[in-house]
$ cat target37.cif   # mmCIF, C-alpha atoms
data_coords
#
loop_
_atom_site.label_atom_id
_atom_site.label_comp_id
_atom_site.auth_asym_id
_atom_site.auth_seq_id
_atom_site.Cartn_x
_atom_site.Cartn_y
_atom_site.Cartn_z
CA MET A 1 0.00 0.00 0.00
CA ASN A 2 2.80 2.31 1.01
CA TYR A 3 4.57 1.67 -2.27
CA LEU A 4 1.39 2.40 -4.14
CA LEU A 5 1.01 5.74 -2.39
CA ARG A 6 4.63 6.56 -3.01
CA GLY A 7 4.21 5.62 -6.68
CA ILE A 8 1.21 7.91 -7.03
CA GLY A 9 3.19 10.63 -5.27
CA VAL A 10 6.07 10.34 -7.73
CA LEU A 11 3.69 10.31 -10.69
CA ALA A 12 1.87 13.34 -9.38
CA THR A 13 5.11 15.25 -8.87
CA VAL A 14 6.33 14.45 -12.37
CA GLY A 15 2.92 15.41 -13.74
CA ALA A 16 2.87 18.67 -11.81
CA ILE A 17 6.34 19.60 -13.04
CA SER A 18 5.50 18.88 -16.65
CA LEU A 19 2.21 20.78 -16.39
CA LEU A 20 4.11 23.71 -14.96
CA ALA A 21 6.62 23.56 -17.79
CA PHE A 22 3.81 23.69 -20.37
CA SER A 23 2.04 26.59 -18.73
CA LEU A 24 5.12 28.76 -18.36
CA PRO A 25 5.29 31.74 -20.70
CA SER A 26 6.44 30.64 -24.09
CA GLY A 27 10.07 30.08 -24.88
CA GLU A 28 11.15 33.10 -26.81
CA ALA A 29 14.35 34.00 -28.52
CA ARG A 30 14.90 37.37 -30.12
CA GLY A 31 15.75 37.62 -33.79
CA ASP A 32 19.34 37.80 -34.88
CA GLY A 33 19.35 41.58 -34.77
CA GLY A 34 18.90 42.13 -38.51
CA GLY A 35 16.11 44.61 -39.16
CA GLU A 36 14.34 42.21 -41.51
CA ALA A 37 14.43 39.24 -39.19
CA LEU A 38 11.30 38.31 -37.32
CA PRO A 39 11.78 37.00 -33.83
CA LYS A 40 11.16 33.28 -33.47
CA LEU A 41 8.12 32.99 -31.26
CA THR A 42 6.36 30.09 -29.68
CA HIS A 43 3.05 30.36 -27.94
CA LYS A 44 0.77 27.37 -27.73
CA ASN A 45 -2.62 29.04 -28.20
CA TRP A 46 -1.43 31.51 -30.83
CA GLN A 47 0.00 28.71 -32.94
CA GLN A 48 -2.76 26.21 -32.30
CA GLU A 49 -5.73 28.54 -32.78
CA CYS A 50 -4.60 31.09 -35.38
CA ALA A 51 -2.76 28.52 -37.45
CA SER A 52 -5.70 26.17 -37.71
CA CYS A 53 -7.03 28.28 -40.61
CA HIS A 54 -4.08 30.38 -41.76
CA LEU A 55 -0.47 31.09 -40.97
CA ALA A 56 -0.03 32.36 -37.41
CA TYR A 57 0.73 35.89 -38.61
CA PRO A 58 3.69 37.49 -36.83
CA PRO A 59 2.45 39.89 -34.11
CA ALA A 60 5.21 42.39 -35.05
CA LEU A 61 3.39 43.20 -38.31
CA LEU A 62 0.48 45.08 -36.69
CA PRO A 63 0.24 47.51 -33.78
CA LYS A 64 -1.50 46.66 -30.51
CA ALA A 65 -4.60 48.64 -31.49
CA SER A 66 -5.02 46.39 -34.54
CA TRP A 67 -4.72 43.19 -32.55
CA GLN A 68 -7.22 44.52 -30.01
CA ARG A 69 -9.75 45.27 -32.78
CA LEU A 70 -9.11 41.93 -34.43
CA MET A 71 -9.41 39.84 -31.29
CA GLY A 72 -12.52 41.79 -30.29
CA GLY A 73 -14.34 40.75 -33.46
CA LEU A 74 -13.48 37.09 -33.93
CA ASP A 75 -17.12 36.13 -34.48
CA GLN A 76 -16.93 38.11 -37.75
CA HIS A 77 -13.36 37.44 -38.79
CA PHE A 78 -13.09 38.42 -42.47
CA GLY A 79 -16.41 36.75 -43.19
CA GLU A 80 -15.93 33.73 -40.94
CA ASN A 81 -16.81 32.87 -37.39
CA ALA A 82 -13.51 32.32 -35.58
CA SER A 83 -14.84 32.84 -32.05
CA LEU A 84 -12.88 31.49 -29.11
CA ASP A 85 -13.61 30.87 -25.46
CA PRO A 86 -12.84 34.04 -23.44
CA VAL A 87 -9.82 32.57 -21.61
CA THR A 88 -8.02 31.49 -24.81
CA GLN A 89 -8.95 34.76 -26.51
CA ALA A 90 -7.47 36.84 -23.67
CA ASP A 91 -4.35 34.68 -23.57
CA ILE A 92 -3.69 35.14 -27.30
CA LEU A 93 -4.38 38.89 -27.14
CA ARG A 94 -1.86 39.29 -24.29
CA PHE A 95 0.75 37.53 -26.40
CA LEU A 96 -0.02 39.62 -29.48
CA GLU A 97 0.13 42.88 -27.52
CA ALA A 98 3.44 41.93 -25.91
CA HIS A 99 5.02 41.35 -29.35
CA ALA A 100 3.08 43.88 -31.45
CA ALA A 101 4.75 46.35 -33.82
CA ASP A 102 4.60 49.10 -31.18
CA SER A 103 5.64 46.89 -28.26
CA GLY A 104 9.32 47.66 -28.74
CA TYR A 105 9.95 43.93 -28.84
CA SER A 106 11.50 43.63 -32.30
CA PRO A 107 13.30 45.85 -34.85
CA MET A 108 10.82 44.58 -37.45
CA GLY A 109 7.94 46.01 -35.44
CA SER A 110 9.68 49.39 -35.26
CA LYS A 111 10.03 49.37 -39.07
CA VAL A 112 6.34 48.70 -39.47
CA MET A 113 5.57 51.56 -37.08
CA ARG A 114 7.88 54.00 -38.89
CA ARG A 115 5.85 53.50 -42.05
CA GLN A 116 2.47 53.69 -40.36
CA GLY A 117 -0.25 55.31 -42.47
CA THR A 118 -3.29 57.27 -41.44
CA ASP A 119 -5.17 54.19 -40.23
CA LYS A 120 -3.66 53.56 -36.80
CA ALA A 121 -5.41 50.22 -36.39
CA PRO A 122 -5.57 48.44 -39.75
CA LEU A 123 -7.21 45.01 -39.64
CA ARG A 124 -5.16 43.52 -42.44
CA ILE A 125 -1.38 43.25 -42.55
CA THR A 126 -1.70 43.73 -46.30
CA GLU A 127 -3.16 47.21 -45.68
CA THR A 128 -0.09 48.50 -43.85
CA ARG A 129 2.20 50.82 -45.80
CA TRP A 130 5.10 48.63 -44.76
CA PHE A 131 3.54 45.58 -46.47
CA VAL A 132 2.51 47.48 -49.58
CA GLY A 133 6.01 48.94 -49.93
CA LYS A 134 7.66 45.57 -49.44
CA HIS A 135 5.53 43.94 -52.12
CA ASP A 136 5.43 46.72 -54.70
CA GLU A 137 7.38 44.66 -57.25
CA VAL A 138 4.92 41.75 -57.16
CA PRO A 139 2.70 41.84 -60.26
CA ARG A 140 -0.95 42.45 -59.39
CA ALA A 141 -2.08 39.30 -61.23
CA ALA A 142 0.20 37.09 -59.10
CA TRP A 143 -1.96 37.64 -56.01
CA SER A 144 -5.00 36.00 -57.55
CA ARG A 145 -3.30 33.00 -59.14
CA LYS A 146 -4.92 29.77 -58.11
CA ALA A 147 -1.88 28.52 -56.19
CA VAL A 148 -1.78 31.77 -54.24
CA GLY A 149 -5.46 32.49 -53.66
CA SER A 150 -4.95 35.78 -51.86
CA ALA A 151 -2.34 37.95 -50.23
CA ALA A 152 -3.29 36.31 -46.93
CA ASN A 153 -1.50 33.15 -48.07
CA CYS A 154 2.09 34.13 -47.17
CA ALA A 155 3.34 30.56 -47.55
CA ALA A 156 2.37 30.44 -51.24
CA CYS A 157 5.50 32.46 -52.05
CA HIS A 158 7.42 32.59 -48.78
CA ARG A 159 8.20 28.90 -48.69
CA LYS A 160 9.54 28.99 -45.15
CA ALA A 161 6.81 31.24 -43.74
CA GLU A 162 5.54 28.47 -41.48
CA GLN A 163 8.92 28.57 -39.76
CA GLY A 164 8.77 32.35 -39.48
CA VAL A 165 11.31 32.92 -42.29
CA PHE A 166 10.26 35.63 -44.77
CA ASP A 167 13.68 36.23 -46.30
CA GLU A 168 13.56 37.34 -49.95
CA HIS A 169 15.94 34.53 -50.93
CA ASP A 170 13.29 31.96 -50.10
CA VAL A 171 10.58 33.62 -52.17
CA ARG A 172 9.21 31.71 -55.19
CA ILE A 173 6.13 33.20 -56.79
CA PRO A 174 4.05 30.34 -58.26
CA LYS A 175 3.24 30.56 -61.97
CA MET B 1 1.64 14.86 3.72
CA ILE B 2 0.61 11.87 1.67
CA LYS B 3 -3.03 12.90 1.38
CA PRO B 4 -2.44 16.13 -0.58
CA ILE B 5 -0.11 14.25 -2.92
CA VAL B 6 -2.75 11.59 -3.55
CA LEU B 7 -5.30 14.32 -4.16
CA LEU B 8 -2.97 16.03 -6.62
CA GLY B 9 -2.43 12.71 -8.37
CA LEU B 10 -6.18 12.20 -8.71
CA THR B 11 -6.63 15.75 -10.01
CA LEU B 12 -3.98 15.15 -12.66
CA LEU B 13 -5.54 11.84 -13.61
CA SER B 14 -8.95 13.43 -14.09
CA ALA B 15 -7.37 16.33 -16.00
CA SER B 16 -5.83 13.91 -18.48
CA ALA B 17 -9.02 11.86 -18.72
CA TRP B 18 -10.99 14.94 -19.78
CA ALA B 19 -9.78 15.01 -23.35
CA ALA B 20 -10.41 11.33 -23.96
CA ASP B 21 -13.64 11.54 -25.93
CA SER B 22 -14.56 9.37 -28.87
CA PRO B 23 -17.09 9.51 -31.71
CA ALA B 24 -19.23 7.03 -29.73
CA SER B 25 -19.11 9.02 -26.50
CA LEU B 26 -19.94 12.24 -28.33
CA MET B 27 -22.83 10.58 -30.16
CA ALA B 28 -24.14 9.33 -26.81
CA HIS B 29 -23.80 12.83 -25.37
CA TYR B 30 -25.59 14.56 -28.24
CA ALA B 31 -28.33 11.91 -28.37
CA GLN B 32 -28.94 12.37 -24.66
CA THR B 33 -29.02 16.17 -25.01
CA ALA B 34 -31.48 15.82 -27.89
CA GLY B 35 -33.58 13.40 -25.85
CA VAL B 36 -33.32 10.51 -28.31
CA PRO B 37 -31.67 7.08 -28.07
CA VAL B 38 -28.30 6.74 -29.89
CA ALA B 39 -30.15 4.56 -32.42
CA GLY B 40 -32.26 7.64 -33.14
CA LEU B 41 -29.27 9.38 -34.73
CA SER B 42 -29.30 9.19 -38.52
CA ALA B 43 -26.25 8.90 -40.78
CA THR B 44 -28.50 9.77 -43.74
CA ARG B 45 -29.53 13.06 -42.13
CA GLY B 46 -25.87 13.67 -41.21
CA ALA B 47 -24.83 13.27 -44.85
CA ALA B 48 -27.57 15.65 -45.96
CA LEU B 49 -26.46 18.22 -43.39
CA TYR B 50 -22.93 17.98 -44.79
CA ARG B 51 -23.92 18.32 -48.42
CA THR B 52 -26.84 20.78 -48.39
CA GLU B 53 -25.91 24.17 -49.80
CA HIS B 54 -27.07 27.37 -48.13
CA PRO B 55 -26.83 30.98 -49.25
CA GLY B 56 -23.55 32.24 -47.79
CA ARG B 57 -22.81 35.70 -46.44
CA ASP B 58 -21.33 36.83 -49.75
CA GLY B 59 -24.19 35.37 -51.79
CA GLN B 60 -22.20 32.31 -52.90
CA PRO B 61 -23.73 28.93 -51.99
CA VAL B 62 -21.89 27.37 -49.06
CA SER B 63 -21.87 23.92 -47.46
CA CYS B 64 -19.54 21.88 -45.27
CA ALA B 65 -18.15 20.45 -48.51
CA SER B 66 -17.06 23.93 -49.63
CA CYS B 67 -13.96 23.63 -47.43
CA HIS B 68 -13.96 19.95 -46.45
CA THR B 69 -14.48 18.79 -50.09
CA ALA B 70 -17.17 16.42 -51.35
CA SER B 71 -15.42 13.51 -49.64
CA PRO B 72 -14.68 13.93 -45.92
CA THR B 73 -12.06 11.18 -46.10
CA GLN B 74 -9.96 13.63 -48.15
CA ALA B 75 -8.10 16.68 -46.86
CA GLY B 76 -9.79 20.04 -47.44
CA ARG B 77 -8.59 23.62 -47.77
CA THR B 78 -9.43 26.76 -45.80
CA ARG B 79 -10.39 29.91 -47.68
CA VAL B 80 -6.80 31.12 -47.47
CA GLY B 81 -5.43 27.85 -48.76
CA LYS B 82 -4.33 26.02 -45.63
CA ARG B 83 -4.75 22.25 -45.50
CA ILE B 84 -7.62 20.90 -43.39
CA GLU B 85 -7.02 17.35 -42.19
CA PRO B 86 -9.81 14.92 -43.20
CA LEU B 87 -12.99 15.02 -41.10
CA ALA B 88 -13.75 11.31 -41.20
CA PRO B 89 -12.21 9.36 -38.30
CA VAL B 90 -11.25 6.52 -40.68
CA ALA B 91 -8.83 8.90 -42.39
CA ASN B 92 -7.94 10.95 -39.32
CA PRO B 93 -8.28 9.18 -35.96
CA GLU B 94 -7.83 12.46 -34.06
CA ARG B 95 -11.28 13.62 -35.13
CA PHE B 96 -14.00 13.66 -32.46
CA THR B 97 -11.65 12.88 -29.58
CA ASP B 98 -11.90 16.26 -27.82
CA ALA B 99 -15.37 17.50 -26.91
CA ALA B 100 -14.26 21.14 -26.47
CA LYS B 101 -12.70 21.19 -29.92
CA VAL B 102 -15.76 19.56 -31.48
CA GLU B 103 -18.05 22.14 -29.85
CA LYS B 104 -15.81 25.00 -30.96
CA TRP B 105 -15.93 23.96 -34.60
CA PHE B 106 -19.65 23.14 -34.64
CA ARG B 107 -20.32 26.59 -33.16
CA ARG B 108 -18.17 28.40 -35.72
CA ASN B 109 -18.99 26.41 -38.81
CA CYS B 110 -22.73 26.06 -38.23
CA MET B 111 -22.86 29.85 -37.86
CA ASP B 112 -20.94 30.24 -41.12
CA VAL B 113 -22.84 27.67 -43.16
CA LEU B 114 -26.34 27.71 -41.63
CA GLN B 115 -26.25 31.17 -40.04
CA ARG B 116 -27.36 29.53 -36.80
CA GLU B 117 -26.05 27.04 -34.26
CA CYS B 118 -26.64 23.35 -34.93
CA SER B 119 -28.93 21.38 -32.66
CA ALA B 120 -27.71 18.43 -30.58
CA GLN B 121 -29.64 16.14 -32.92
CA GLU B 122 -27.83 17.57 -35.96
CA LYS B 123 -24.43 17.25 -34.31
CA GLY B 124 -25.19 13.64 -33.37
CA ASP B 125 -26.40 12.84 -36.91
CA PHE B 126 -23.28 14.46 -38.36
CA ILE B 127 -20.90 12.33 -36.27
CA ALA B 128 -23.04 9.24 -36.89
CA TRP B 129 -22.50 9.66 -40.63
CA LEU B 130 -18.80 10.56 -40.52
CA SER B 131 -17.86 7.80 -38.09
CA GLN B 132 -19.30 5.04 -40.25
CA LEU B 133 -17.50 6.13 -43.44
CA LYS B 134 -15.02 3.56 -44.67
#

$ encode --input "target37.cif" --output "structure tokens"
Amino acid sequence: MNYLLRGIGVLATVGAISLLAFSLPSGEARGDGGGEALPKLTHKNWQQECASCHLAYPPALLPKASWQRLMGGLDQHFGENASLDPVTQADILRFLEAHAADSGYSPMGSKVMRRQGTDKAPLRITETRWFVGKHDEVPRAAWSRKAVGSAANCAACHRKAEQGVFDEHDVRIPK
Amino acid sequence: MIKPIVLLGLTLLSASAWAADSPASLMAHYAQTAGVPVAGLSATRGAALYRTEHPGRDGQPVSCASCHTASPTQAGRTRVGKRIEPLAPVANPERFTDAAKVEKWFRRNCMDVLQRECSAQEKGDFIAWLSQLK
């Protein structure tokens, strides 16, 4: 009996430690300092929830005010219902705010802010002046090619987008 | 000293048990909520729910098949082109194993396709059809 109790105790301790490890704030490492590099981020809910329909867009590409608007209207998310339970929603918003363009977290965010237009809380990354400027050499027709679908599909051309790599060397625009 | 540890152990055990749902347990749950026996769920009605087209928000006809394709044993695509793993458990055993996830997607997708939430009967019918696909 004693051994059984001790066994359960050990199991519980191991379980508690691993639970703790999973609930700790995400492991984060800053980018390599280059202005174009996006910081590698991991956050369970951000990746799991946002990336179930589209790429988990980097928080540095929109200011906090944008993320607040976006997360406040998930039941009408670009024509789809993407509603979440309130706890998960708040958790993801906290993460987005902490790494937003105007959070001071990454040089990339500061670049996005420097080119901010009149709309201080755009809902689409593709509406930011930074994005438009970066993609001005992409022919208009390329965005609507079948393999691309829309400008929301980063990974169509940025082959390593899923890994957070948007380097121009990895870009292949599908024919 | 031992008692709190045992309690913690039990809490952890129940926490891990909570995600262990199955198509059968979910069908039982939805049948009960709808007030019908499990045998009262209909795969035929489930298939119809999947295939029936409704006027979408942008005027285009929309159905489950719009994103999940005509065959739920195949992978689908979201509107922005991301892969959706197959819906049918035969092709994707992870389906219908987490009640919270199932509820989340019924809530969202019924609102998008039907412009209303689905009833417990409809959810039960839907799983009854998908889970018997070969």

$ resolve_selection --input "target37.cif" --expression "the PyMOL selection byres ((chain A and resi 68) around 10)" --output "ChimeraX atom specification"
/A:63-67,69-73,90,93-94,96-97,121,123

$ atom_distance --input "target37.cif" --atom1 "atom CA of A:Ser103" --atom2 "atom CA of A:Gly79"
28.5 Å

$ atom_distance --input "target37.cif" --atom1 "atom CA of B:Ile84" --atom2 "atom CA of B:Ser71"
12.4 Å

$ residues_around --input "target37.cif" --residues "B:Gly76" --least-positions-apart "3" --cutoff "9 Å" --atoms "all atoms listed in the file" --output "NGL selection string"
:B and (65-69 or 71-72 or 82-87)

$ write_last_selection --input "target37.cif" --atoms "C-alpha atoms" --output "short mmCIF file (atom, residue, chain, number, x, y, z; two decimals), keeping the file's coordinate frame"
data_model
loop_
_atom_site.label_atom_id
_atom_site.label_comp_id
_atom_site.auth_asym_id
_atom_site.auth_seq_id
_atom_site.Cartn_x
_atom_site.Cartn_y
_atom_site.Cartn_z
CA ALA B 65 -18.15 20.45 -48.51
CA SER B 66 -17.06 23.93 -49.63
CA CYS B 67 -13.96 23.63 -47.43
CA HIS B 68 -13.96 19.95 -46.45
CA THR B 69 -14.48 18.79 -50.09
CA SER B 71 -15.42 13.51 -49.64
CA PRO B 72 -14.68 13.93 -45.92
CA LYS B 82 -4.33 26.02 -45.63
CA ARG B 83 -4.75 22.25 -45.50
CA ILE B 84 -7.62 20.90 -43.39
CA GLU B 85 -7.02 17.35 -42.19
CA PRO B 86 -9.81 14.92 -43.20
CA LEU B 87 -12.99 15.02 -41.10
#

$ closest_residue --input "target37.cif" --among "A:Cys53, A:Cys157, A:Val132, A:Val171" --to "A:Asn81" --atoms "all atoms listed in the file"
A:Cys53

$ resolve_selection --input "target37.cif" --expression "the PyMOL selection byres ((chain A and resi 106) around 8)" --output "VMD selection string"
chain A and resid 30 to 31 38 to 39 60 99 101 103 to 105 107 to 110

$ atom_distance --input "target37.cif" --atom1 "atom CA of A:Glu49" --atom2 "atom CA of B:Arg95"
16.1 Å

$ resolve_selection --input "target37.cif" --expression "the PyMOL selection byres ((chain B and resi 112) around 10)" --output "PyMOL selection string"
(chain A and resi 75-76+79-82) or (chain B and resi 54+56-57+62-64+106-111+113-117)

$ closest_residue --input "target37.cif" --among "B:Ala34, B:Val102, B:Val90, B:Ala70" --to "B:Glu53" --atoms "only C-alpha atoms"
B:Ala70

$ build_atoms --input "target37.cif" --residues "stretch 38-69 of chain B" --atoms "N, CA and C atoms" --output "PDB file, keeping the file's coordinate frame"
ATOM      1  N   VAL B  38     -29.387   6.645 -28.900  1.00  0.00           N
ATOM      2  CA  VAL B  38     -28.300   6.740 -29.890  1.00  0.00           C
ATOM      3  C   VAL B  38     -28.772   6.190 -31.242  1.00  0.00           C
ATOM      4  N   ALA B  39     -29.627   5.143 -31.181  1.00  0.00           N
ATOM      5  CA  ALA B  39     -30.150   4.560 -32.420  1.00  0.00           C
ATOM      6  C   ALA B  39     -31.034   5.550 -33.178  1.00  0.00           C
ATOM      7  N   GLY B  40     -31.433   6.623 -32.499  1.00  0.00           N
ATOM      8  CA  GLY B  40     -32.260   7.640 -33.140  1.00  0.00           C
ATOM      9  C   GLY B  40     -31.450   8.649 -33.934  1.00  0.00           C
ATOM     10  N   LEU B  41     -30.116   8.513 -33.892  1.00  0.00           N
ATOM     11  CA  LEU B  41     -29.270   9.380 -34.730  1.00  0.00           C
ATOM     12  C   LEU B  41     -29.251   8.790 -36.141  1.00  0.00           C
ATOM     13  N   SER B  42     -29.181   9.670 -37.154  1.00  0.00           N
ATOM     14  CA  SER B  42     -29.300   9.190 -38.520  1.00  0.00           C
ATOM     15  C   SER B  42     -28.107   9.623 -39.377  1.00  0.00           C
ATOM     16  N   ALA B  43     -27.381   8.621 -39.884  1.00  0.00           N
ATOM     17  CA  ALA B  43     -26.250   8.900 -40.780  1.00  0.00           C
ATOM     18  C   ALA B  43     -26.742   9.568 -42.057  1.00  0.00           C
ATOM     19  N   THR B  44     -27.939   9.182 -42.512  1.00  0.00           N
ATOM     20  CA  THR B  44     -28.500   9.770 -43.740  1.00  0.00           C
ATOM     21  C   THR B  44     -28.732  11.268 -43.563  1.00  0.00           C
ATOM     22  N   ARG B  45     -29.327  11.626 -42.405  1.00  0.00           N
ATOM     23  CA  ARG B  45     -29.530  13.060 -42.130  1.00  0.00           C
ATOM     24  C   ARG B  45     -28.195  13.781 -41.978  1.00  0.00           C
ATOM     25  N   GLY B  46     -27.202  13.081 -41.375  1.00  0.00           N
ATOM     26  CA  GLY B  46     -25.870  13.670 -41.210  1.00  0.00           C
ATOM     27  C   GLY B  46     -25.247  13.997 -42.549  1.00  0.00           C
ATOM     28  N   ALA B  47     -25.380  13.066 -43.507  1.00  0.00           N
ATOM     29  CA  ALA B  47     -24.830  13.270 -44.850  1.00  0.00           C
ATOM     30  C   ALA B  47     -25.509  14.454 -45.528  1.00  0.00           C
ATOM     31  N   ALA B  48     -26.815  14.552 -45.341  1.00  0.00           N
ATOM     32  CA  ALA B  48     -27.570  15.650 -45.960  1.00  0.00           C
ATOM     33  C   ALA B  48     -27.129  16.992 -45.369  1.00  0.00           C
ATOM     34  N   LEU B  49     -26.920  16.990 -44.047  1.00  0.00           N
ATOM     35  CA  LEU B  49     -26.460  18.220 -43.390  1.00  0.00           C
ATOM     36  C   LEU B  49     -25.127  18.661 -43.989  1.00  0.00           C
ATOM     37  N   TYR B  50     -24.256  17.696 -44.245  1.00  0.00           N
ATOM     38  CA  TYR B  50     -22.930  17.980 -44.790  1.00  0.00           C
ATOM     39  C   TYR B  50     -23.013  18.545 -46.205  1.00  0.00           C
ATOM     40  N   ARG B  51     -23.920  17.977 -46.995  1.00  0.00           N
ATOM     41  CA  ARG B  51     -23.920  18.320 -48.420  1.00  0.00           C
ATOM     42  C   ARG B  51     -24.829  19.488 -48.795  1.00  0.00           C
ATOM     43  N   THR B  52     -25.858  19.757 -47.998  1.00  0.00           N
ATOM     44  CA  THR B  52     -26.840  20.780 -48.390  1.00  0.00           C
ATOM     45  C   THR B  52     -26.199  22.155 -48.483  1.00  0.00           C
ATOM     46  N   GLU B  53     -26.451  22.822 -49.605  1.00  0.00           N
ATOM     47  CA  GLU B  53     -25.910  24.170 -49.800  1.00  0.00           C
ATOM     48  C   GLU B  53     -26.872  25.215 -49.265  1.00  0.00           C
ATOM     49  N   HIS B  54     -26.292  26.253 -48.680  1.00  0.00           N
ATOM     50  CA  HIS B  54     -27.070  27.370 -48.130  1.00  0.00           C
ATOM     51  C   HIS B  54     -26.523  28.655 -48.718  1.00  0.00           C
ATOM     52  N   PRO B  55     -27.367  29.709 -48.773  1.00  0.00           N
ATOM     53  CA  PRO B  55     -26.830  30.980 -49.250  1.00  0.00           C
ATOM     54  C   PRO B  55     -25.806  31.519 -48.237  1.00  0.00           C
ATOM     55  N   GLY B  56     -24.589  31.750 -48.694  1.00  0.00           N
ATOM     56  CA  GLY B  56     -23.550  32.240 -47.790  1.00  0.00           C
ATOM     57  C   GLY B  56     -23.629  33.735 -47.606  1.00  0.00           C
ATOM     58  N   ARG B  57     -22.775  34.267 -46.741  1.00  0.00           N
ATOM     59  CA  ARG B  57     -22.810  35.700 -46.440  1.00  0.00           C
ATOM     60  C   ARG B  57     -22.531  36.545 -47.680  1.00  0.00           C
ATOM     61  N   ASP B  58     -21.676  36.031 -48.578  1.00  0.00           N
ATOM     62  CA  ASP B  58     -21.330  36.830 -49.750  1.00  0.00           C
ATOM     63  C   ASP B  58     -22.195  36.464 -50.960  1.00  0.00           C
ATOM     64  N   GLY B  59     -23.281  35.719 -50.706  1.00  0.00           N
ATOM     65  CA  GLY B  59     -24.190  35.370 -51.790  1.00  0.00           C
ATOM     66  C   GLY B  59     -23.846  34.050 -52.472  1.00  0.00           C
ATOM     67  N   GLN B  60     -22.605  33.582 -52.307  1.00  0.00           N
ATOM     68  CA  GLN B  60     -22.200  32.310 -52.900  1.00  0.00           C
ATOM     69  C   GLN B  60     -22.791  31.157 -52.070  1.00  0.00           C
ATOM     70  N   PRO B  61     -23.234  30.071 -52.759  1.00  0.00           N
ATOM     71  CA  PRO B  61     -23.730  28.930 -51.990  1.00  0.00           C
ATOM     72  C   PRO B  61     -22.597  28.314 -51.155  1.00  0.00           C
ATOM     73  N   VAL B  62     -22.915  27.912 -49.934  1.00  0.00           N
ATOM     74  CA  VAL B  62     -21.890  27.370 -49.060  1.00  0.00           C
ATOM     75  C   VAL B  62     -22.415  26.114 -48.358  1.00  0.00           C
ATOM     76  N   SER B  63     -21.540  25.134 -48.209  1.00  0.00           N
ATOM     77  CA  SER B  63     -21.870  23.920 -47.460  1.00  0.00           C
ATOM     78  C   SER B  63     -20.613  23.468 -46.745  1.00  0.00           C
ATOM     79  N   CYS B  64     -20.729  22.417 -45.940  1.00  0.00           N
ATOM     80  CA  CYS B  64     -19.540  21.880 -45.270  1.00  0.00           C
ATOM     81  C   CYS B  64     -18.500  21.491 -46.316  1.00  0.00           C
ATOM     82  N   ALA B  65     -19.031  20.935 -47.454  1.00  0.00           N
ATOM     83  CA  ALA B  65     -18.150  20.450 -48.510  1.00  0.00           C
ATOM     84  C   ALA B  65     -17.341  21.570 -49.160  1.00  0.00           C
ATOM     85  N   SER B  66     -17.791  22.823 -49.013  1.00  0.00           N
ATOM     86  CA  SER B  66     -17.060  23.930 -49.630  1.00  0.00           C
ATOM     87  C   SER B  66     -15.591  23.922 -49.195  1.00  0.00           C
ATOM     88  N   CYS B  67     -15.354  23.665 -47.926  1.00  0.00           N
ATOM     89  CA  CYS B  67     -13.960  23.630 -47.430  1.00  0.00           C
ATOM     90  C   CYS B  67     -13.473  22.199 -47.221  1.00  0.00           C
ATOM     91  N   HIS B  68     -14.381  21.320 -46.793  1.00  0.00           N
ATOM     92  CA  HIS B  68     -13.960  19.950 -46.450  1.00  0.00           C
ATOM     93  C   HIS B  68     -13.992  19.019 -47.664  1.00  0.00           C
ATOM     94  N   THR B  69     -14.349  19.512 -48.817  1.00  0.00           N
ATOM     95  CA  THR B  69     -14.480  18.790 -50.090  1.00  0.00           C
ATOM     96  C   THR B  69     -15.663  17.799 -50.065  1.00  0.00           C
TER      97      THR B  69
END
